[in-house]
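Trainee: Contents of target_11.txt (compact mmCIF, C-alpha atoms):
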# COMPACT_ATOMS: atom_id res chain seq x y z
CA MET A 1 12.10 -18.75 -20.02
CA ILE A 2 13.67 -15.46 -18.94
CA ILE A 3 10.34 -13.67 -19.31
CA ASP A 4 8.54 -16.36 -17.30
CA THR A 5 11.15 -16.18 -14.53
CA GLY A 6 10.89 -12.39 -14.42
CA LEU A 7 7.10 -12.62 -14.21
CA ILE A 8 7.30 -15.08 -11.31
CA ILE A 9 9.70 -12.80 -9.39
CA ALA A 10 7.55 -9.75 -10.14
CA GLY A 11 4.45 -11.64 -9.02
CA TYR A 12 6.05 -12.50 -5.69
CA LEU A 13 7.25 -8.93 -5.15
CA LEU A 14 3.83 -7.46 -5.92
CA GLY A 15 2.22 -10.03 -3.66
CA SER A 16 4.60 -8.94 -0.91
CA VAL A 17 3.10 -5.45 -0.87
CA ALA A 18 1.00 -5.85 2.28
CA SER A 19 -2.12 -3.79 1.64
CA ALA A 20 -3.40 -4.07 5.22
CA ILE A 21 -0.18 -2.78 6.78
CA ILE A 22 0.15 0.09 4.30
CA VAL A 23 -3.50 1.14 4.60
CA CYS A 24 -3.38 1.08 8.39
CA LYS A 25 -0.16 3.11 8.42
CA LEU A 26 -1.56 5.73 6.02
CA LEU A 27 -4.83 6.04 7.95
CA GLY A 28 -3.17 6.16 11.36
CA LEU A 29 -4.62 2.84 12.50
CA PRO A 30 -2.93 0.21 14.68
CA ASP A 31 -0.58 -2.21 12.95
CA PRO A 32 -2.86 -5.14 11.98
CA ARG A 33 -0.11 -7.58 12.98
CA GLN A 34 -0.41 -6.33 16.55
CA GLY A 35 -4.05 -5.25 16.85
CA GLY A 36 -7.26 -7.24 16.64
CA SER A 37 -6.67 -10.82 15.55
CA GLY A 38 -3.08 -10.11 14.55
CA ASN A 39 -3.77 -10.99 10.91
CA PRO A 40 -2.83 -8.40 8.24
CA GLY A 41 -5.93 -8.86 6.13
CA ALA A 42 -9.13 -7.02 5.22
CA THR A 43 -11.22 -8.67 7.96
CA ASN A 44 -8.90 -7.49 10.69
CA VAL A 45 -8.64 -4.03 9.14
CA LEU A 46 -12.44 -3.90 9.27
CA ARG A 47 -12.25 -4.46 13.03
CA LEU A 48 -9.52 -1.88 13.46
CA GLY A 49 -10.61 0.88 11.12
CA GLY A 50 -14.04 0.28 9.65
CA LYS A 51 -15.50 -0.39 6.21
CA LYS A 52 -13.57 2.17 4.16
CA ALA A 53 -10.16 0.95 5.31
CA ALA A 54 -11.23 -2.67 4.85
CA ALA A 55 -12.54 -2.00 1.32
CA ILE A 56 -9.26 -0.39 0.26
CA THR A 57 -7.32 -3.30 1.75
CA LEU A 58 -9.55 -5.84 0.03
CA ALA A 59 -9.14 -4.13 -3.34
CA GLY A 60 -5.36 -4.07 -2.94
CA ASP A 61 -5.20 -7.75 -2.00
CA LEU A 62 -7.43 -8.74 -4.92
CA LEU A 63 -5.45 -6.71 -7.45
CA LYS A 64 -2.07 -8.05 -6.41
CA GLY A 65 -3.34 -11.55 -7.19
CA PHE A 66 -5.17 -10.56 -10.36
CA LEU A 67 -2.71 -8.23 -12.10
CA PRO A 68 0.35 -10.54 -12.15
CA VAL A 69 -1.73 -13.39 -13.59
CA LEU A 70 -3.28 -11.05 -16.17
CA ALA A 71 0.19 -9.84 -17.19
CA ALA A 72 1.49 -13.40 -17.39
CA ALA A 73 -1.47 -14.46 -19.54
CA GLY A 74 -0.58 -11.69 -21.98
CA LEU A 75 3.16 -12.36 -22.07
CA SER A 76 3.48 -16.13 -21.68
CA ARG A 77 2.01 -19.02 -23.66
CA SER A 78 2.61 -21.52 -20.89
CA ASP A 79 -0.24 -22.37 -18.53
CA THR A 80 2.37 -23.70 -16.11
CA ALA A 81 4.19 -20.35 -16.08
CA ILE A 82 0.96 -18.42 -15.68
CA GLY A 83 -0.03 -20.65 -12.78
CA ALA A 84 3.42 -20.26 -11.21
CA VAL A 85 3.04 -16.49 -11.32
CA GLY A 86 -0.28 -16.81 -9.51
CA ILE A 87 1.26 -19.02 -6.83
CA ALA A 88 4.16 -16.58 -6.45
CA ALA A 89 1.80 -13.65 -5.92
CA PHE A 90 -0.20 -15.67 -3.39
CA LEU A 91 2.94 -16.71 -1.49
CA GLY A 92 4.09 -13.10 -1.54
CA HIS A 93 0.96 -12.19 0.40
CA LEU A 94 1.48 -15.02 2.88
CA TYR A 95 5.22 -14.42 3.28
CA PRO A 96 5.96 -10.82 2.19
CA VAL A 97 9.66 -10.09 1.81
CA PHE A 98 9.06 -6.40 2.59
CA PHE A 99 7.39 -7.10 5.95
CA ARG A 100 9.56 -9.73 7.63
CA PHE A 101 7.56 -12.52 5.98
CA GLN A 102 4.60 -11.79 8.28
CA GLY A 103 1.64 -11.93 5.90
CA GLY A 104 -2.05 -12.62 5.85
CA LYS A 105 -4.09 -15.73 5.19
CA GLY A 106 -4.46 -15.08 1.47
CA ILE A 107 -8.15 -15.46 0.70
CA ALA A 108 -8.58 -12.14 -1.14
CA THR A 109 -5.35 -12.66 -3.07
CA ALA A 110 -6.47 -16.19 -3.94
CA PHE A 111 -9.69 -14.73 -5.35
CA GLY A 112 -7.60 -12.34 -7.42
CA VAL A 113 -5.46 -15.18 -8.80
CA VAL A 114 -8.51 -17.24 -9.72
CA ALA A 115 -10.09 -14.19 -11.38
CA GLY A 116 -7.02 -13.92 -13.58
CA LEU A 117 -7.23 -17.60 -14.50
CA SER A 118 -10.98 -17.83 -15.13
CA TRP A 119 -13.84 -15.38 -14.50
CA VAL A 120 -16.37 -18.21 -14.48
CA SER A 121 -14.38 -20.01 -11.80
CA VAL A 122 -14.01 -16.97 -9.56
CA LEU A 123 -17.77 -16.42 -9.72
CA ALA A 124 -18.34 -20.03 -8.69
CA MET A 125 -15.72 -19.63 -5.95
CA ALA A 126 -17.41 -16.48 -4.64
CA ALA A 127 -20.84 -18.09 -4.74
CA THR A 128 -19.51 -21.06 -2.76
CA TRP A 129 -18.00 -18.78 -0.13
CA LEU A 130 -21.17 -16.73 0.19
CA LEU A 131 -23.44 -19.77 0.41
CA MET A 132 -21.35 -21.61 2.98
CA ALA A 133 -20.72 -18.47 5.03
CA ARG A 134 -24.43 -17.66 5.02
CA LEU A 135 -25.47 -21.17 6.01
CA SER A 136 -22.83 -21.66 8.70
CA ARG A 137 -22.12 -18.03 9.67
CA TYR A 138 -18.42 -18.98 9.69
CA SER A 139 -16.36 -16.88 7.27
CA SER A 140 -13.40 -19.23 7.59
CA LEU A 141 -15.50 -22.27 6.71
CA GLY A 142 -16.80 -20.49 3.64
CA ALA A 143 -13.27 -19.64 2.56
CA LEU A 144 -11.95 -23.15 3.14
CA THR A 145 -14.86 -24.74 1.28
CA ALA A 146 -14.46 -22.37 -1.66
CA CYS A 147 -10.72 -23.05 -1.95
CA THR A 148 -11.34 -26.80 -1.75
CA LEU A 149 -13.80 -26.78 -4.64
CA THR A 150 -12.05 -24.24 -6.86
CA PRO A 151 -9.62 -26.70 -8.55
CA GLY A 152 -12.69 -28.54 -9.82
CA TYR A 153 -14.28 -25.30 -11.02
CA ILE A 154 -11.07 -24.35 -12.82
CA TRP A 155 -10.80 -27.75 -14.48
CA LEU A 156 -14.37 -27.62 -15.72
CA ALA A 157 -13.99 -24.05 -16.99
CA THR A 158 -10.54 -24.24 -18.60
CA ALA A 159 -9.59 -27.94 -18.91
CA SER A 160 -6.11 -26.82 -17.83
CA ALA A 161 -4.33 -29.23 -15.52
CA ALA A 162 -1.78 -26.48 -14.75
CA PHE A 163 -4.48 -24.04 -13.63
CA ALA A 164 -6.22 -26.73 -11.57
CA GLY A 165 -2.87 -27.59 -10.00
CA THR A 166 -2.27 -23.91 -9.23
CA THR A 167 -5.48 -23.63 -7.26
CA ALA A 168 -4.81 -26.96 -5.54
CA VAL A 169 -1.47 -25.61 -4.28
CA ILE A 170 -3.23 -22.45 -3.11
CA ALA A 171 -5.81 -24.58 -1.30
CA VAL A 172 -3.09 -26.51 0.55
CA PHE A 173 -1.42 -23.31 1.75
CA THR A 174 -4.83 -21.87 2.67
CA TYR A 175 -5.53 -24.83 4.93
CA TRP A 176 -2.11 -24.45 6.52
CA ARG A 177 -2.59 -20.74 7.21
CA HIS A 178 -6.09 -21.42 8.58
CA ARG A 179 -5.02 -24.25 10.87
CA GLY A 180 -5.93 -22.15 13.91
CA ASN A 181 -9.39 -21.52 12.48
CA ILE A 182 -9.76 -25.24 11.78
CA ARG A 183 -8.91 -26.09 15.37
CA ARG A 184 -11.46 -23.57 16.61
CA LEU A 185 -14.10 -24.85 14.18
CA LEU A 186 -13.58 -28.38 15.49
CA SER A 187 -13.74 -27.22 19.10
CA GLY A 188 -16.74 -24.94 18.54
CA THR A 189 -14.85 -21.78 19.56
CA GLU A 190 -14.49 -20.14 16.14
CA PRO A 191 -16.30 -16.75 16.17
CA ARG A 192 -19.24 -16.53 13.81
CA ILE A 193 -19.74 -13.65 11.40
CA GLY A 194 -20.63 -10.57 13.42
CA GLU A 195 -19.00 -11.81 16.61
CA LYS A 196 -15.82 -10.26 17.94
CA ALA A 197 -12.74 -12.34 17.31
CA VAL A 198 -10.36 -12.92 20.18
CA ALA A 199 -6.72 -13.59 19.32
CA THR A 200 -5.62 -16.89 20.81
CA GLU A 201 -1.98 -16.37 19.91
CA GLN A 202 0.03 -13.20 20.44
CA PRO A 203 1.56 -11.97 17.20
CA PRO A 204 5.30 -11.38 17.35
CA ALA A 205 6.49 -7.99 18.54
CA ILE A 206 7.56 -5.64 15.79
CA ASN A 207 10.39 -3.22 16.43
Mind turning the file's structure into structure tokens?
Mentor:
Amino acid sequence: MIIDTGLIIAGYLLGSVASAIIVCKLLGLPDPRQGGSGNPGATNVLRLGGKKAAAITLAGDLLKGFLPVLAAAGLSRSDTAIGAVGIAAFLGHLYPVFFRFQGGKGIATAFGVVAGLSWVSVLAMAATWLLMARLSRYSSLGALTACTLTPGYIWLATASAAFAGTTAVIAVFTYWRHRGNIRRLLSGTEPRIGEKAVATEQPPAIN
């Protein structure tokens, strides 16, 4: 129990390490919470600093979802505890304690969590994202579709209700954090892949 609790706390703290903000600071780029779309994630870093900065950000966001789950799988025998660690890491990215709880939308970190739970499932998740994004040319729609279907992929691959529940919780938070994208998708104003995104809401000022 103590080990599981420690893993959950560690997962949240690692998830709170905002890769986008750190990468932008180190490379002398604008704060991603203030520039571009205002979202501290790899897509916005791509707009602000190019492919190299975005790739580093993406790798960081993936690893902070993957590594806590991998550690939990090695130290805990409870699927529920392992899943809780994954959720904690994901929530750390969304609401990072080190950065005034101003986090990203969590897609890369969600991929990392699912990779730690099941490699087969993360491949299916990635294929779903790629297919939907290619057909629709909406990255957000690809991400939302992939997160919606992933609990089913996890269940088929692992037969673990705890793991399926973990990805269902992640899907719910993903929809909440993408509510602006959903509104734009419904209104036909969501930018397609390759189009410049225009922030519709000003991010909060950072002192």
Trainee: Have a look at atom CA of Lys51 of chain A and atom CA of Ala18 of chain A and let me know their distance in Å, one decimal.
Mentor: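 Distance between the two atoms: 17.8 Å.
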Trainee: Neighbours of Ile107 of chain A within 8 Å (all atoms listed in the file; same-chain residues fewer than 3 positions away dropped), as a PDB file with C-alpha atoms, in the frame of the given file?
Mentor:
ATOM      1  CA  ALA A 110      -6.470 -16.190  -3.940  1.00  0.00           C
ATOM      2  CA  PHE A 111      -9.690 -14.730  -5.350  1.00  0.00           C
ATOM      3  CA  ALA A 143     -13.270 -19.640   2.560  1.00  0.00           C
ATOM      4  CA  THR A 174      -4.830 -21.870   2.670  1.00  0.00           C
TER       5      THR A 174
END
Trainee: Using only C-alpha atoms, pick whichever of A:Leu141, A:Leu149, A:Ala81, A:Ala161 has the shortest atom-to-atom distance to Ala124 of chain A.
Mentor: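 Smallest separation from Ala124 of chain A among the options: A:Leu149.
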Trainee: Identify which of the residues A:Ser19, A:Gly28, A:Ile9, A:Leu135 lies closest to Ala55 of chain A, counting all atoms listed in the file when measuring atom-to-atom distances.
Mentor: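 Of A:Ser19, A:Gly28, A:Ile9, A:Leu135, the one nearest Ala55 of chain A, counting all atoms listed in the file, is A:Ser19.
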Trainee: Would you please work out which residue, of A:Met125, A:Leu117, A:Ile154, A:Leu131, is nearest to Leu70 of chain A when using only C-alpha atoms?
Mentor: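 Of A:Met125, A:Leu117, A:Ile154, A:Leu131, the one nearest Leu70 of chain A, counting only C-alpha atoms, is A:Leu117.
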Trainee: In Å, rounded to a single decimal, give me how far atom CA of Thr80 of chain A is from atom CA of Ala20 of chain A.
Mentor: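 Atom-to-atom, atom CA of Ala20 of chain A to atom CA of Thr80 of chain A, that is 29.6 Å.
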Trainee: Find the residues with any atom within 12 Å of (0.0, -4.0, 14.2); use all atoms listed in the file and the coordinates as given in the file, and write the answer as an MDAnalysis selection string.
Mentor: chainID A and resid 20:25 28:41 44:45 48 99 102:103 202:207
Trainee: Any idea what's packed within 10 Å of Ala71 of chain A, counting all atoms listed in the file, ignoring anything in its chain fewer than 6 positions away? Could you give it as a short mmCIF file (atom, residue, chain, number, x, y, z; two decimals) with C-alpha atoms, keeping the file's coordinate frame?
Mentor:
data_model
loop_
_atom_site.label_atom_id
_atom_site.label_comp_id
_atom_site.auth_asym_id
_atom_site.auth_seq_id
_atom_site.Cartn_x
_atom_site.Cartn_y
_atom_site.Cartn_z
CA LEU A 7 7.10 -12.62 -14.21
CA GLY A 11 4.45 -11.64 -9.02
CA ILE A 82 0.96 -18.42 -15.68
CA VAL A 85 3.04 -16.49 -11.32
CA GLY A 116 -7.02 -13.92 -13.58
#
Trainee: Which value, in Å to one decimal, gives the distance between atom CA of Leu91 of chain A and atom CA of Ile170 of chain A?
Mentor: 8.6 Å
Trainee: Between A:Gly152, A:Ser139, A:Ala89, A:Ala59, which has the minimum distance to Ala10 of chain A (counting all atoms listed in the file)?
Mentor: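 Selected residue with least distance to Ala10 of chain A: A:Ala89.
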Trainee: Could you pull the residues within 9 Å of Val97 of chain A, counting only C-alpha atoms, minus those fewer than 5 positions along the same chain, as a list of chain:residue names?
Mentor: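 Here the qualifying residues turn out to be A:Tyr12, A:Leu13, A:Ser16, A:Val17, A:Gly92, A:Gln102.
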Trainee: Taking only C-alpha atoms into account, which of A:Trp129, A:Ser118, A:Arg137, A:Asn181 comes nearest Ala157 of chain A?
Mentor: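 Using only C-alpha atoms, the shortest distance to Ala157 of chain A belongs to A:Ser118.
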Trainee: Excluding Ser140 of chain A and any residue of its chain fewer than 4 positions from it, enumerate the residues within 8 Å of it, using all atoms listed in the file, and give them as a PyMOL selection string.
Mentor: chain A and resi 133+144+178+181
Trainee: Rank A:Tyr95, A:Tyr153, A:Tyr175, A:Phe163 by their smallest atom-to-atom distance to Gly83 of chain A, using only C-alpha atoms, and report the top residue only.
Mentor: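 When distances to Gly83 of chain A are compared using only C-alpha atoms, the smallest one comes from A:Phe163.
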